[in-house]
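protein04.cif (mmCIF, C-alpha atoms)
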```
data_protein
#
loop_
_atom_site.label_atom_id
_atom_site.label_comp_id
_atom_site.auth_asym_id
_atom_site.auth_seq_id
_atom_site.Cartn_x
_atom_site.Cartn_y
_atom_site.Cartn_z
CA MET A 24 74.97 104.13 87.23
CA ASN A 25 74.65 103.15 90.88
CA LEU A 26 77.95 101.91 92.33
CA ASN A 27 76.53 101.11 95.76
CA VAL A 28 75.31 97.72 96.95
CA LYS A 29 72.31 97.69 99.29
CA SER A 30 73.20 95.96 102.54
CA ASP A 31 70.31 93.48 102.43
CA SER A 32 70.60 92.54 98.73
CA LYS A 33 71.82 89.31 97.18
CA GLN A 34 74.82 91.17 95.78
CA ALA A 35 75.82 92.27 99.28
CA LYS A 36 75.52 88.71 100.57
CA VAL A 37 77.62 87.33 97.70
CA LEU A 38 80.20 90.07 98.24
CA ALA A 39 80.41 89.27 101.97
CA ALA A 40 80.81 85.56 101.23
CA LEU A 41 83.61 86.26 98.74
CA GLN A 42 85.40 88.41 101.32
CA VAL A 43 85.63 85.54 103.81
CA ALA A 44 86.24 82.66 101.36
CA ASP A 45 89.98 82.05 101.03
CA LYS A 46 89.88 79.96 97.86
CA GLY A 47 86.80 81.64 96.46
CA LEU A 48 83.40 80.23 95.60
CA THR A 49 82.18 78.32 92.57
CA ALA A 50 79.09 79.39 90.66
CA LYS A 51 77.33 76.29 91.97
CA GLN A 52 78.12 77.30 95.59
CA ILE A 53 76.91 80.86 95.02
CA GLU A 54 73.66 79.67 93.41
CA ALA A 55 73.05 77.12 96.17
CA ARG A 56 73.53 79.70 98.94
CA PHE A 57 71.93 82.76 97.41
CA GLY A 58 69.87 81.58 94.41
CA GLY A 59 69.70 83.16 90.98
CA ASN A 60 72.36 83.33 88.32
CA ALA A 61 75.83 83.49 89.90
CA THR A 62 77.56 84.67 86.73
CA ALA A 63 75.14 87.59 86.34
CA THR A 64 75.55 88.58 89.99
CA VAL A 65 79.35 88.51 89.70
CA SER A 66 79.15 90.51 86.47
CA ASP A 67 76.96 93.15 88.15
CA LEU A 68 79.43 93.42 91.03
CA ARG A 69 82.32 93.81 88.58
CA PHE A 70 80.48 96.67 86.83
CA LYS A 71 80.13 98.32 90.24
CA GLY A 72 83.92 98.26 90.58
CA TYR A 73 84.59 95.18 92.70
CA PRO A 74 87.71 93.26 91.55
CA ILE A 75 86.30 89.74 91.29
CA TYR A 76 88.51 87.27 89.45
CA ALA A 77 87.64 83.90 87.96
CA ASN A 78 90.33 81.27 88.59
CA GLN A 79 90.12 77.86 86.95
CA HIS A 80 91.32 74.68 88.63
CA LYS A 81 91.50 71.12 87.27
CA ASP A 82 90.91 68.28 89.69
CA GLY A 83 92.39 64.80 89.46
CA SER A 84 89.61 63.63 87.15
CA GLY A 85 90.31 66.37 84.62
CA ARG A 86 87.18 68.37 85.46
CA THR A 87 87.62 72.13 85.43
CA LYS A 88 86.03 74.27 88.12
CA THR A 89 85.92 78.04 88.12
CA PHE A 90 86.33 79.78 91.45
CA PHE A 91 85.30 83.41 91.86
CA ARG A 92 87.43 85.36 94.33
CA LEU A 93 87.64 88.94 95.51
CA SER A 94 91.14 90.36 95.31
CA THR A 95 93.22 93.46 94.73
CA PRO A 96 93.43 94.50 91.08
CA SER A 97 96.84 94.47 89.44
CA ARG A 98 98.50 97.64 88.18
CA LYS A 99 97.84 96.49 84.61
CA VAL A 100 94.09 96.31 85.25
CA ILE A 101 94.03 99.77 86.80
CA ALA A 102 96.12 101.18 83.94
CA ALA A 103 93.76 99.61 81.39
CA GLY A 104 90.80 101.25 83.15
CA TYR A 105 92.43 104.66 83.04
CA ARG A 106 93.27 104.19 79.35
CA ALA A 107 89.66 103.23 78.63
CA LEU A 108 88.40 106.33 80.44
CA ALA A 109 90.86 108.55 78.59
CA ASN A 110 89.70 107.21 75.22
CA ALA A 111 85.98 107.54 76.02
#
```
Let me see the structure of the file written as structure tokens.
Amino acid sequence: MNLNVKSDSKQAKVLAALQVADKGLTAKQIEARFGGNATATVSDLRFKGYPIYANQHKDGSGRTKTFFRLSTPSRKVIAAGYRALANA
């Protein structure tokens, strides 16, 4: 499994955009800027070890939007990863 992201790839561009976006980016924003399937790109980055979280927000009209953001993993997430590796 390759954990690196090539510097000129779509994944690298999405990762760079998530690093500078304070509130995160929606799937629609990612697809408009970089094309392709945003959910698949985020999933690939997660499998490469990047802690990308999906936060949901309801607007005044009751519509729910999901924002992807890059953050620091919690201790629980890291502990779960170590437990999974120990049981493998």
- the PyMOL selection byres ((chain A and resi 46) around 12) resolved against shown file, as a ChimeraX atom specification: /A:40-45,47-49,76-80,88-94
- Message: List the spatial neighbours of Asp67 in chain A as a PyMOL selection string - criterion: any atom at most 12 Å away, all atoms listed in the file, same-chain residues fewer than 6 positions off excluded.
- Response: chain A and resi 24-28+33-35+37-38+60-61+73-75
- Message: Can you measure CA of Asp82 in chain A to CA of Pro96 in chain A for me? One decimal in Å is fine.
- Response: 26.4 Å
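Coordinates place CA of Phe70 in chain A at a distance of 22.0 Å from CA of Arg56 in chain A.
One distance worth recording is that between CA of Lys51 in chain A and CA of Lys99 in chain A, which is 29.7 Å.
With only C-alpha atoms as the basis for measurement, A:Lys29 is the residue among A:Ala102, A:Lys29, A:Arg86, A:Ala50 that approaches Lys71 in chain A most closely.
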